[in-house]
Amino acid sequence: MKAVVFPGQGAQRRGMGRELFDAYPELADEASEVLGYSLRTLCLDDPHQQLGRTEYTQPALFVVGALAHRQWRESTGDEPAFLAGHSLGEYCALHAAGAFDFATGLRLVQRRGALMAQARGGGMAAVVGVDAARLRELLDEGGFCRLTVANDNAPQQKVVSGDTATVDALVAYLEARDVRCVRLNVSGAFHSPLMRQAQQDFARFADGFALGDPATPVIANATARPYVPGRTARTLVDQIVQPVRWTESVHHLLDQGVTDFVELGGRVLVRLIDQIRSAPRPVAQHDAPAARPDTPAAALGSPLFRRRMGVRHAYAVGGMYRGIASAQMVVRLGRHRILGFLGTGGLPLPEIEQGVKEVQHGLADGQPYGVNVLADHDDPAAERALVDLLMRHGVPVIEASAFMQMTPALVLYRARGLRRGADGRTVCDHRIVAKVSRPEVAEQFMAPAPGPVLDRLRREHALTDEQAELARTVPMSHDITVEADSGGHTDGGVATVMMPAMLKLRQQAQDRYGYDEPICMGLAGGLGTPAAVAAAFMLGADYVLTGSINQCTVESGMSTEVKDMLQDVGIADTAYAPAGDMFEFGAKVQVLRKGVFFPTRANRLFSLYSHYDGLDDIPQKTRSLLERTYFGKSIEEVWDEVRAYLRSQGRDADIDRADAEPKQKMALVFRWYFFHTTRLAMDGDGSGKVNYQVQTGPALGAFNQWVEGTELASWRHRHVDRIGLMLLDGAAEHIATACRHWRDTLGVPSA
């Protein structure tokens, strides 16, 4: 069985096509007329050194490939069983398969080349001598999460794509490790999310053509499978940002029985194909279950949740404070079709915006992601500014944490994403995954948006009449995560008590409001082992959400110093402390206590706050202790920092209130300690180690115990996607084993 293949950019050379232009002068002239310059002169003489420029290279290669195919077919009379092309070469393959005529293909390629040539700020580098698994390890270890493996050319040859500075840093990083890496002479980050603008522009251009289905199967770069009928244009548009899966494409052809490969228009691909054929196929990676929707793990939880969020598994990773749930983490999860939430709590808006951009650049269209929104009880305007930013960037899902009521910002996000579908039903383009630990808060999320808040937003012209009307027909959240005792903010709830009660509230809400779309109920807190995850699903959870265990991974934004500490904690190495952002309310967070004094000192501060009416009432001996061991500076210096921060945020009223109310001033000074200790931990400042505030729960200790003695004992081998899949696989096995045991115990036949 035979396959014909066409090379892409990089196969060009001066002098190419000479015999083809002589054999088909009419087509050569037609090409020159379409392009507006002499293609023959460009290819044979290249007088202006343009053949290596993308906007000229791509049309030239298309014409040479198309003419080479015509000559081959006329001289041999052969018809291949399959066609394929590498990147630009895919257009030659589609033309050869009859999906479009010569002129159409040339116009498409001319526009594609021009758009890709306009891309700036990106680059590519070829990495030789390492396989896919090792390259991914190197990228992870070096923190190059924003880079895409754009071309999987052969088992030992990959091309990485991304922004210029990061590609340059990668080249230096790999060369220092004796890995051959060559910077490519291209203007953009081809086949990466950085080409999204070019993709959108090309999509509009391609809409002007009627592209047919290939008569002979053509293997698509983006899927490594044949083109699907009716999706020729869509697949070509996707190809601009999707990686070229050449190794997989060749393997697919070999699996179909192809034994003979004919390369037309170059001499590049046959060498790659020889390398692919001679190399042993890699052993399936641990993340392979993500690509197999028929595994037991993929059957856990609610199919509705999976469809709604566009994920393969009923599993999510929560957004941890100050970017611990980093862009790198969310991107890695999204690429495996797992929902992750970018952590934003405690970060300024510019940093949040940069994180959102990194996530969107790192993921292809349709790959899932979300952003955490932590309730801001002190500054509603800041909460509104965050929501405005997320709506401006088109963030489709947010995780709402620590909310005690439905705020205008939250209602605005929900309602702004509502529209009426063709069938008259409400369509929700903005999803809220609410994290709750109290029944009264859960009831608010299960109910429609409060009428007075909707009316206020309507008066402000923040919502249309239709949006306000539709907001009364859907719950604030279709997906509610019940948070049992956990790291970070916690009410110390017990899952086996909370989950049944919340499920009953859900049923009551469904009965009362008659929603068209059901509410899904997830469970979080204490999920660090397969048995715990299995228990969550057995309690009736539609999905599970993990937190603490992801803080101690390669992708976590936490400092390496803290990760080194966390990988050794046990289930009894955490404690409760006041929550800095809700200090006056007496809210609690669960934090690391092993090796640090933070829990003791934080509780001491709350005790002082409860006992005294102001800083001046605290005994001098105690004040001196606070300044020396807690703050590392005078209380006056702390207040100066707090005041400067409040002023920078436009919160002069809070300063005035603190000057008038000594207890409020004391609360603000004590709050400074909580933010200071988080910063120490995030920075890995060894001089302040005893004051590290690390929000984590006992689930991490359970996970550490589970992986003890394996390579995952070290956080340097822990990846968020692998952890999630291991937990789900283990949970599925745990449930299956339990069912067999119950069947045997009760004497129930298995079939």
# chains A, B, ... in the order shown; residues from 1 in each chain; ligands from 1

$ residues_around --residues "Ile549 of chain A" --least-positions-apart "3" --cutoff "12 Å" --atoms "only C-alpha atoms" --output "PyMOL selection string"
chain A and resi 317-318+320+324-325+486-487+524-529+545-546+552-556+563+566-567+569+571+695-707+712+715+718-724+727

$ residues_around --residues "Ala189 of chain A" --least-positions-apart "4" --cutoff "9 Å" --atoms "only C-alpha atoms" --output "compact mmCIF listing (two decimals) with all heavy atoms, in the first residue's frame"
# COMPACT_ATOMS: atom_id res chain seq x y z
N MET A 116 1.11 34.50 8.51
CA MET A 116 2.13 33.93 9.38
C MET A 116 3.39 34.77 9.37
O MET A 116 4.09 34.89 10.39
CB MET A 116 2.41 32.49 8.97
CG MET A 116 1.23 31.55 9.20
SD MET A 116 1.49 29.84 8.63
CE MET A 116 2.63 29.23 9.88
N ALA A 119 3.29 37.67 11.85
CA ALA A 119 3.40 37.36 13.28
C ALA A 119 4.77 37.80 13.79
O ALA A 119 5.79 37.54 13.17
CB ALA A 119 3.20 35.87 13.52
N ARG A 120 4.77 38.46 14.93
CA ARG A 120 6.01 38.92 15.53
C ARG A 120 6.04 38.54 17.01
O ARG A 120 5.03 38.23 17.61
CB ARG A 120 6.14 40.45 15.39
CG ARG A 120 6.34 40.92 13.95
CD ARG A 120 7.72 40.48 13.42
NE ARG A 120 7.96 40.97 12.06
CZ ARG A 120 7.67 40.29 10.97
NH1 ARG A 120 7.09 39.08 11.08
NH2 ARG A 120 7.92 40.78 9.78
N GLY A 121 7.24 38.59 17.57
CA GLY A 121 7.38 38.31 19.00
C GLY A 121 7.45 36.85 19.34
O GLY A 121 7.38 36.47 20.50
N GLY A 122 7.58 36.00 18.32
CA GLY A 122 7.66 34.57 18.58
C GLY A 122 8.81 33.93 17.83
O GLY A 122 9.41 34.53 16.94
N GLY A 123 9.13 32.72 18.21
CA GLY A 123 10.21 32.00 17.56
C GLY A 123 10.06 30.52 17.73
O GLY A 123 9.14 30.03 18.40
N MET A 124 10.98 29.76 17.10
CA MET A 124 10.95 28.31 17.16
C MET A 124 12.38 27.78 17.29
O MET A 124 13.34 28.44 16.88
CB MET A 124 10.29 27.73 15.91
CG MET A 124 8.89 28.25 15.65
SD MET A 124 8.14 27.61 14.11
CE MET A 124 7.63 25.97 14.67
N THR A 148 5.25 25.51 23.35
CA THR A 148 4.48 24.42 22.75
C THR A 148 5.42 23.54 21.93
O THR A 148 6.28 24.05 21.21
CB THR A 148 3.40 24.99 21.82
OG1 THR A 148 2.50 25.80 22.58
CG2 THR A 148 2.63 23.88 21.12
N ALA A 150 5.65 22.22 18.92
CA ALA A 150 4.88 22.56 17.72
C ALA A 150 4.96 21.49 16.64
O ALA A 150 4.01 21.28 15.90
CB ALA A 150 5.37 23.89 17.15
N VAL A 160 10.08 23.29 19.06
CA VAL A 160 9.38 23.99 20.14
C VAL A 160 9.08 25.41 19.69
O VAL A 160 9.90 26.05 19.02
CB VAL A 160 10.23 23.98 21.42
CG1 VAL A 160 9.53 24.76 22.53
CG2 VAL A 160 10.48 22.55 21.87
N SER A 161 7.92 25.91 20.07
CA SER A 161 7.45 27.21 19.60
C SER A 161 6.96 28.04 20.78
O SER A 161 6.38 27.52 21.72
CB SER A 161 6.31 26.98 18.59
OG SER A 161 5.91 28.17 17.97
N GLY A 162 7.20 29.36 20.71
CA GLY A 162 6.73 30.24 21.78
C GLY A 162 7.27 31.64 21.62
O GLY A 162 7.81 32.00 20.57
N ASP A 163 7.13 32.47 22.65
CA ASP A 163 7.61 33.84 22.55
C ASP A 163 9.14 33.86 22.48
O ASP A 163 9.82 32.97 22.99
CB ASP A 163 7.12 34.68 23.73
CG ASP A 163 7.70 34.24 25.06
OD1 ASP A 163 7.12 33.33 25.68
OD2 ASP A 163 8.75 34.78 25.45
N THR A 164 9.68 34.88 21.85
CA THR A 164 11.10 34.93 21.51
C THR A 164 12.00 34.77 22.72
O THR A 164 12.95 33.97 22.71
CB THR A 164 11.42 36.26 20.79
OG1 THR A 164 10.59 36.37 19.64
CG2 THR A 164 12.87 36.32 20.37
N PRO A 193 -0.37 28.56 20.21
CA PRO A 193 -1.47 29.50 20.48
C PRO A 193 -1.13 30.95 20.18
O PRO A 193 -2.03 31.78 20.07
CB PRO A 193 -1.74 29.28 21.97
CG PRO A 193 -1.32 27.87 22.23
CD PRO A 193 -0.10 27.68 21.36
N LEU A 194 0.17 31.29 20.06
CA LEU A 194 0.55 32.65 19.72
C LEU A 194 0.12 33.02 18.30
O LEU A 194 0.16 34.20 17.93
CB LEU A 194 2.05 32.85 19.88
CG LEU A 194 2.58 32.80 21.32
CD1 LEU A 194 4.09 33.02 21.34
CD2 LEU A 194 1.88 33.84 22.19
N MET A 195 -0.27 32.03 17.52
CA MET A 195 -0.73 32.30 16.15
C MET A 195 -2.25 32.48 16.09
O MET A 195 -2.85 32.44 15.02
CB MET A 195 -0.33 31.14 15.23
CG MET A 195 1.17 30.91 15.12
SD MET A 195 2.08 32.34 14.52
CE MET A 195 1.41 32.48 12.86

$ atom_distance --atom1 "atom CA of Thr574 of chain A" --atom2 "atom CA of Arg593 of chain A"
5.1 Å

$ residues_around --residues "Arg40 of chain A" --least-positions-apart "6" --cutoff "8 Å" --atoms "only C-alpha atoms" --output "PyMOL selection string"
chain A and resi 18+21+28+32

$ closest_residue --among "A:Leu339, A:Met558, A:Ala738, A:Leu668" --to "Phe305 of chain A" --atoms "only C-alpha atoms"
A:Leu339
